[in-house]
Every structure is written in structure tokens, then in C-alpha cells.
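Below is the file query32.json, which contains JSON, C-alpha atoms.
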[["chain", "number", "residue", "atom", "x", "y", "z"],
["A", 150, "GLN", "CA", 1.17, -17.73, 24.52],
["A", 151, "VAL", "CA", 1.66, -16.94, 20.85],
["A", 152, "GLN", "CA", 3.57, -13.76, 20.01],
["A", 153, "LEU", "CA", 4.24, -12.23, 16.62],
["A", 154, "VAL", "CA", 6.56, -9.23, 16.48],
["A", 155, "GLU", "CA", 6.96, -7.25, 13.26],
["A", 156, "SER", "CA", 9.78, -4.89, 12.38],
["A", 157, "GLY", "CA", 11.23, -3.12, 9.37],
["A", 158, "GLY", "CA", 8.58, -0.54, 8.58],
["A", 159, "GLY", "CA", 9.41, 3.09, 7.86],
["A", 160, "LEU", "CA", 9.21, 5.98, 5.45],
["A", 161, "VAL", "CA", 10.38, 5.46, 1.88],
["A", 162, "GLN", "CA", 10.01, 7.29, -1.41],
["A", 163, "ALA", "CA", 7.93, 5.87, -4.23],
["A", 164, "GLY", "CA", 9.93, 3.29, -6.15],
["A", 165, "GLY", "CA", 11.92, 2.34, -3.09],
["A", 166, "SER", "CA", 12.12, -0.90, -1.12],
["A", 167, "LEU", "CA", 11.56, -2.15, 2.41],
["A", 168, "ARG", "CA", 11.88, -5.54, 4.05],
["A", 169, "LEU", "CA", 9.53, -6.46, 6.86],
["A", 170, "SER", "CA", 10.30, -9.22, 9.36],
["A", 171, "CYS", "CA", 8.06, -11.08, 11.78],
["A", 172, "VAL", "CA", 9.42, -13.27, 14.56],
["A", 173, "VAL", "CA", 7.02, -15.85, 15.97],
["A", 174, "SER", "CA", 7.10, -17.52, 19.37],
["A", 175, "GLY", "CA", 4.71, -19.83, 21.16],
["A", 176, "ARG", "CA", 3.80, -21.85, 18.06],
["A", 177, "THR", "CA", 5.45, -24.73, 16.26],
["A", 178, "PHE", "CA", 6.28, -22.27, 13.50],
["A", 179, "LYS", "CA", 7.36, -24.78, 10.87],
["A", 180, "TRP", "CA", 3.93, -26.43, 10.79],
["A", 181, "TYR", "CA", 1.91, -23.38, 9.82],
["A", 182, "THR", "CA", 1.21, -21.25, 6.80],
["A", 183, "MET", "CA", 1.93, -17.58, 7.57],
["A", 184, "GLY", "CA", 0.44, -14.42, 6.13],
["A", 185, "TRP", "CA", 0.83, -10.67, 5.80],
["A", 186, "PHE", "CA", -2.08, -8.24, 5.80],
["A", 187, "ARG", "CA", -2.26, -4.46, 5.68],
["A", 188, "GLN", "CA", -4.68, -1.76, 6.73],
["A", 189, "ALA", "CA", -4.73, 1.75, 5.33],
["A", 190, "PRO", "CA", -6.51, 4.59, 7.16],
["A", 191, "GLY", "CA", -10.27, 4.31, 6.77],
["A", 192, "LYS", "CA", -10.05, 0.98, 4.97],
["A", 193, "GLU", "CA", -10.58, -2.66, 5.81],
["A", 194, "ARG", "CA", -7.63, -4.88, 6.63],
["A", 195, "GLU", "CA", -6.69, -6.67, 3.43],
["A", 196, "PHE", "CA", -4.69, -9.73, 2.48],
["A", 197, "VAL", "CA", -1.23, -9.16, 1.02],
["A", 198, "ALA", "CA", 0.58, -12.49, 0.84],
["A", 199, "ALA", "CA", 0.80, -15.96, 2.37],
["A", 200, "ILE", "CA", 3.41, -18.69, 2.41],
["A", 201, "GLY", "CA", 3.05, -22.41, 3.09],
["A", 202, "SER", "CA", 4.73, -24.17, 5.96],
["A", 203, "SER", "CA", 7.73, -25.37, 3.97],
["A", 204, "GLY", "CA", 8.08, -22.14, 2.02],
["A", 205, "GLY", "CA", 7.44, -23.86, -1.30],
["A", 206, "ASN", "CA", 4.03, -22.35, -1.94],
["A", 207, "THR", "CA", 3.16, -18.66, -1.96],
["A", 208, "TYR", "CA", 0.09, -16.64, -2.82],
["A", 209, "TYR", "CA", -0.26, -12.90, -3.41],
["A", 210, "ALA", "CA", -2.90, -10.26, -3.75],
["A", 211, "ASP", "CA", -3.09, -8.97, -7.31],
["A", 212, "SER", "CA", -2.15, -5.49, -6.14],
["A", 213, "VAL", "CA", 1.31, -6.62, -4.99],
["A", 214, "LYS", "CA", 2.07, -9.48, -7.36],
["A", 215, "GLY", "CA", 5.43, -9.02, -9.04],
["A", 216, "ARG", "CA", 6.55, -6.36, -6.54],
["A", 217, "PHE", "CA", 6.39, -8.11, -3.15],
["A", 218, "THR", "CA", 7.99, -11.40, -2.13],
["A", 219, "ILE", "CA", 7.10, -13.41, 0.96],
["A", 220, "SER", "CA", 9.64, -15.84, 2.40],
["A", 221, "ARG", "CA", 10.39, -17.64, 5.65],
["A", 222, "ASP", "CA", 13.22, -19.09, 7.68],
["A", 223, "ASN", "CA", 11.84, -21.91, 9.82],
["A", 224, "ALA", "CA", 15.07, -22.22, 11.81],
["A", 225, "LYS", "CA", 14.71, -18.56, 12.87],
["A", 226, "LYS", "CA", 10.91, -18.76, 13.20],
["A", 227, "THR", "CA", 10.72, -15.68, 11.01],
["A", 228, "VAL", "CA", 8.62, -14.67, 8.02],
["A", 229, "TYR", "CA", 9.66, -11.83, 5.71],
["A", 230, "LEU", "CA", 8.00, -9.52, 3.24],
["A", 231, "GLN", "CA", 10.32, -7.94, 0.68],
["A", 232, "MET", "CA", 8.57, -4.95, -0.86],
["A", 233, "ASN", "CA", 9.99, -3.43, -4.04],
["A", 234, "SER", "CA", 8.75, -0.70, -6.39],
["A", 235, "LEU", "CA", 6.68, 0.74, -3.59],
["A", 236, "LYS", "CA", 3.78, 3.04, -4.41],
["A", 237, "PRO", "CA", 1.98, 5.64, -2.27],
["A", 238, "GLU", "CA", -1.05, 3.34, -2.25],
["A", 239, "ASP", "CA", 1.04, 0.75, -0.39],
["A", 240, "THR", "CA", 0.99, 3.06, 2.64],
["A", 241, "ALA", "CA", -0.58, 1.13, 5.53],
["A", 242, "VAL", "CA", 0.05, -0.65, 8.79],
["A", 243, "TYR", "CA", 1.35, -4.11, 7.91],
["A", 244, "TYR", "CA", 0.45, -7.08, 10.08],
["A", 245, "CYS", "CA", 1.97, -10.51, 10.33],
["A", 246, "ALA", "CA", -0.54, -13.25, 11.13],
["A", 247, "ALA", "CA", -0.77, -16.98, 11.79],
["A", 248, "PRO", "CA", -3.84, -18.86, 10.59],
["A", 249, "LYS", "CA", -5.51, -22.02, 11.76],
["A", 250, "GLY", "CA", -3.65, -25.20, 11.04],
["A", 251, "GLY", "CA", -4.02, -27.20, 7.85],
["A", 252, "LEU", "CA", -4.39, -24.33, 5.40],
["A", 253, "THR", "CA", -2.37, -23.89, 2.25],
["A", 254, "ALA", "CA", -1.17, -20.47, 1.17],
["A", 255, "SER", "CA", -3.97, -20.06, -1.37],
["A", 256, "GLN", "CA", -6.57, -21.00, 1.27],
["A", 257, "ALA", "CA", -5.29, -18.49, 3.82],
["A", 258, "VAL", "CA", -6.53, -15.27, 2.23],
["A", 259, "ASP", "CA", -9.44, -14.40, 4.50],
["A", 260, "ARG", "CA", -8.62, -12.73, 7.80],
["A", 261, "SER", "CA", -11.28, -14.85, 9.51],
["A", 262, "GLU", "CA", -8.94, -17.82, 9.02],
["A", 263, "TYR", "CA", -6.29, -16.20, 11.21],
["A", 264, "ASP", "CA", -5.99, -16.79, 14.95],
["A", 265, "ASP", "CA", -2.97, -14.73, 15.94],
["A", 266, "TRP", "CA", -1.78, -11.28, 14.90],
["A", 267, "GLY", "CA", 1.21, -9.04, 15.47],
["A", 268, "GLN", "CA", 0.98, -5.46, 16.61],
["A", 269, "GLY", "CA", 1.70, -4.07, 13.13],
["A", 270, "THR", "CA", 4.42, -1.93, 11.60],
["A", 271, "GLN", "CA", 3.81, 1.32, 9.73],
["A", 272, "VAL", "CA", 4.89, 1.63, 6.11],
["A", 273, "THR", "CA", 4.65, 5.08, 4.55],
["A", 274, "VAL", "CA", 5.45, 5.66, 0.88],
["A", 275, "SER", "CA", 5.84, 9.27, -0.20],
["A", 276, "SER", "CA", 5.23, 10.44, -3.74]]
Show me the file's structure as C-alpha cells.
Amino acid sequence: QVQLVESGGGLVQAGGSLRLSCVVSGRTFKWYTMGWFRQAPGKEREFVAAIGSSGGNTYYADSVKGRFTISRDNAKKTVYLQMNSLKPEDTAVYYCAAPKGGLTASQAVDRSEYDDWGQGTQVTVSS
């Protein structure tokens, strides 16, 4: 059974930083691209970032490019999302997700490509 467990969310002031973590079990983690999505109240779940299996390739939504960094540690089966210069519009529940096999980071932007999801972690940015 695949499990994805996120942590690191919280309340932060605008301009601040947070680092999200997602530990994965039940999959051969090092083989798969991984992604982060977010969902704000009343909005659709949207793509944030993805990283290829080796960590060499990344892809970001335009709204977070230059502020967020996705990374991974295959030995720890963990994917991270470093979020800097946070804005109130970044407020959302953030989800870690694992897509179908064989996708590159730039291919894994649609949530329909994802098989497994974490429970989410709340990020709130105050103005």
C-alpha cells in the first residue's frame, strides 16, 4: 500500500518561508517523478511543481517560479518543497503526489496523471 505523508505546513507572514516534506512508502521511490499540488478554498487543485526521478529535472507553475524549489532525497524516500517569499495567495492545502510511471517532470503537470496522494498540509500566509 502506497502512503505519502506531508509535514511542515503552518502559519507564516507574507515574505516568510516554509519547507514542506513528504515521506513516501510502498513505492520504489527512486523510479518515479514526484509532484506537489495545492488547493485553496473554493478553487480547483492546481499543479505547483514536479521533479524527475533522479532529481535532475524540475518543472514549476509560473505562479511559483523563482520562489519555490522542489528537491528530493531518494535515500530517505522524501520530496521537499522550499517556499520562499510567500504571498497571501499561496495560502492553500498542499498535497504531495506520485504519478504514473514513465513521466518526466514537465509531463507530470495534470492531476489526472497522478495515482497516489498524501493527506495534505495547510499553509496559511498572513498579510
Per residue of segment 182-213 of chain A within 9 Å of segment 226-240 of chain A, what are the shortest atom pair and its distance in Å to one decimal, counting all atoms listed in the file, with rows by chain and residue number, as a Markdown table?
| residue | atom | partner | partner_atom | distance |
| --- | --- | --- | --- | --- |
| A:Met183 | CA | A:Val228 | CA | 7.3 |
| A:Gly184 | CA | A:Val228 | CA | 8.4 |
| A:Trp185 | CA | A:Leu230 | CA | 7.7 |
| A:Arg187 | CA | A:Asp239 | CA | 8.7 |
| A:Gln188 | CA | A:Thr240 | CA | 8.5 |
| A:Ala189 | CA | A:Thr240 | CA | 6.5 |
| A:Pro190 | CA | A:Thr240 | CA | 8.9 |
| A:Ala198 | CA | A:Leu230 | CA | 8.3 |
| A:Ile200 | CA | A:Val228 | CA | 8.6 |
| A:Val213 | CA | A:Met232 | CA | 8.5 |
Open item on the list: Rounded to one decimal, what separation in Å do you get between atom CA of Glu155 of chain A and atom CA of Ser170 of chain A?
Closed with: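 Separation of atom CA of Glu155 of chain A and atom CA of Ser170 of chain A: 5.5 Å.
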TODO: Take atom CA of Gln162 of chain A and atom CA of Thr218 of chain A and report the distance between them in Å, one decimal.
DONE: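 Spanning atom CA of Gln162 of chain A to atom CA of Thr218 of chain A is a straight-line distance of 18.8 Å.
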- [ ] Have a look at atom CA of Asp211 of chain A and atom CA of Arg194 of chain A and let me know their distance in Å, one decimal.
- [x]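 It comes out at 15.2 Å.
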Task: Counting only C-alpha atoms, the option among A:Asn223, A:Ser261, A:Gln152, A:Ser166 closest to Thr273 of chain A - done: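 That would be A:Ser166, the residue with the smallest distance to Thr273 of chain A.
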Kindly output segment 203-236 of chain A as a short mmCIF file (atom, residue, chain, number, x, y, z; two decimals), in the frame of the given file, after building N, CA and C atoms.
data_model
loop_
_atom_site.label_atom_id
_atom_site.label_comp_id
_atom_site.auth_asym_id
_atom_site.auth_seq_id
_atom_site.Cartn_x
_atom_site.Cartn_y
_atom_site.Cartn_z
N SER A 203 6.37 -25.05 4.41
CA SER A 203 7.73 -25.37 3.97
C SER A 203 8.37 -24.24 3.18
N GLY A 204 7.57 -23.25 2.83
CA GLY A 204 8.08 -22.14 2.02
C GLY A 204 7.95 -22.36 0.52
N GLY A 205 7.50 -23.53 0.12
CA GLY A 205 7.44 -23.86 -1.30
C GLY A 205 6.26 -23.26 -2.04
N ASN A 206 5.22 -22.91 -1.31
CA ASN A 206 4.03 -22.35 -1.94
C ASN A 206 3.77 -20.95 -1.41
N THR A 207 3.48 -20.04 -2.33
CA THR A 207 3.16 -18.66 -1.96
C THR A 207 1.92 -18.21 -2.72
N TYR A 208 1.29 -17.18 -2.18
CA TYR A 208 0.09 -16.64 -2.82
C TYR A 208 0.06 -15.15 -2.54
N TYR A 209 -0.32 -14.36 -3.55
CA TYR A 209 -0.26 -12.90 -3.41
C TYR A 209 -1.57 -12.25 -3.84
N ALA A 210 -1.84 -11.12 -3.25
CA ALA A 210 -2.90 -10.26 -3.75
C ALA A 210 -2.46 -9.71 -5.10
N ASP A 211 -3.42 -9.49 -5.99
CA ASP A 211 -3.09 -8.97 -7.31
C ASP A 211 -2.37 -7.63 -7.24
N SER A 212 -2.71 -6.84 -6.25
CA SER A 212 -2.15 -5.49 -6.14
C SER A 212 -0.66 -5.48 -5.84
N VAL A 213 -0.11 -6.59 -5.35
CA VAL A 213 1.31 -6.62 -4.99
C VAL A 213 2.10 -7.64 -5.80
N LYS A 214 1.41 -8.42 -6.59
CA LYS A 214 2.07 -9.48 -7.36
C LYS A 214 3.15 -8.89 -8.25
N GLY A 215 4.32 -9.51 -8.24
CA GLY A 215 5.43 -9.02 -9.04
C GLY A 215 6.28 -7.96 -8.37
N ARG A 216 5.79 -7.40 -7.26
CA ARG A 216 6.55 -6.36 -6.54
C ARG A 216 6.96 -6.84 -5.14
N PHE A 217 6.12 -7.64 -4.50
CA PHE A 217 6.39 -8.11 -3.15
C PHE A 217 6.75 -9.60 -3.20
N THR A 218 7.61 -10.00 -2.25
CA THR A 218 7.99 -11.40 -2.13
C THR A 218 7.92 -11.81 -0.67
N ILE A 219 7.17 -12.86 -0.38
CA ILE A 219 7.10 -13.41 0.96
C ILE A 219 8.04 -14.60 1.06
N SER A 220 8.73 -14.72 2.18
CA SER A 220 9.64 -15.84 2.40
C SER A 220 9.67 -16.15 3.89
N ARG A 221 10.32 -17.26 4.24
CA ARG A 221 10.39 -17.64 5.65
C ARG A 221 11.67 -18.39 5.92
N ASP A 222 12.08 -18.33 7.18
CA ASP A 222 13.22 -19.09 7.68
C ASP A 222 12.71 -19.86 8.90
N ASN A 223 12.43 -21.14 8.72
CA ASN A 223 11.84 -21.91 9.82
C ASN A 223 12.81 -22.07 10.99
N ALA A 224 14.09 -22.10 10.72
CA ALA A 224 15.07 -22.22 11.81
C ALA A 224 15.04 -20.98 12.70
N LYS A 225 14.76 -19.82 12.11
CA LYS A 225 14.71 -18.56 12.87
C LYS A 225 13.29 -18.20 13.28
N LYS A 226 12.32 -19.02 12.90
CA LYS A 226 10.91 -18.76 13.20
C LYS A 226 10.51 -17.35 12.74
N THR A 227 10.92 -17.03 11.54
CA THR A 227 10.72 -15.68 11.01
C THR A 227 10.13 -15.74 9.61
N VAL A 228 9.18 -14.84 9.36
CA VAL A 228 8.62 -14.67 8.02
C VAL A 228 8.95 -13.25 7.56
N TYR A 229 9.23 -13.10 6.27
CA TYR A 229 9.66 -11.83 5.71
C TYR A 229 8.71 -11.38 4.60
N LEU A 230 8.71 -10.09 4.38
CA LEU A 230 8.00 -9.52 3.24
C LEU A 230 8.92 -8.49 2.60
N GLN A 231 9.49 -8.86 1.45
CA GLN A 231 10.32 -7.94 0.68
C GLN A 231 9.41 -7.14 -0.24
N MET A 232 9.45 -5.82 -0.10
CA MET A 232 8.57 -4.95 -0.86
C MET A 232 9.41 -4.06 -1.76
N ASN A 233 9.27 -4.22 -3.05
CA ASN A 233 9.99 -3.43 -4.04
C ASN A 233 9.02 -2.57 -4.85
N SER A 234 9.56 -1.59 -5.54
CA SER A 234 8.75 -0.70 -6.39
C SER A 234 7.54 -0.19 -5.63
N LEU A 235 7.78 0.29 -4.44
CA LEU A 235 6.68 0.74 -3.59
C LEU A 235 5.96 1.94 -4.17
N LYS A 236 4.66 1.98 -3.92
CA LYS A 236 3.78 3.04 -4.41
C LYS A 236 3.11 3.73 -3.22
#
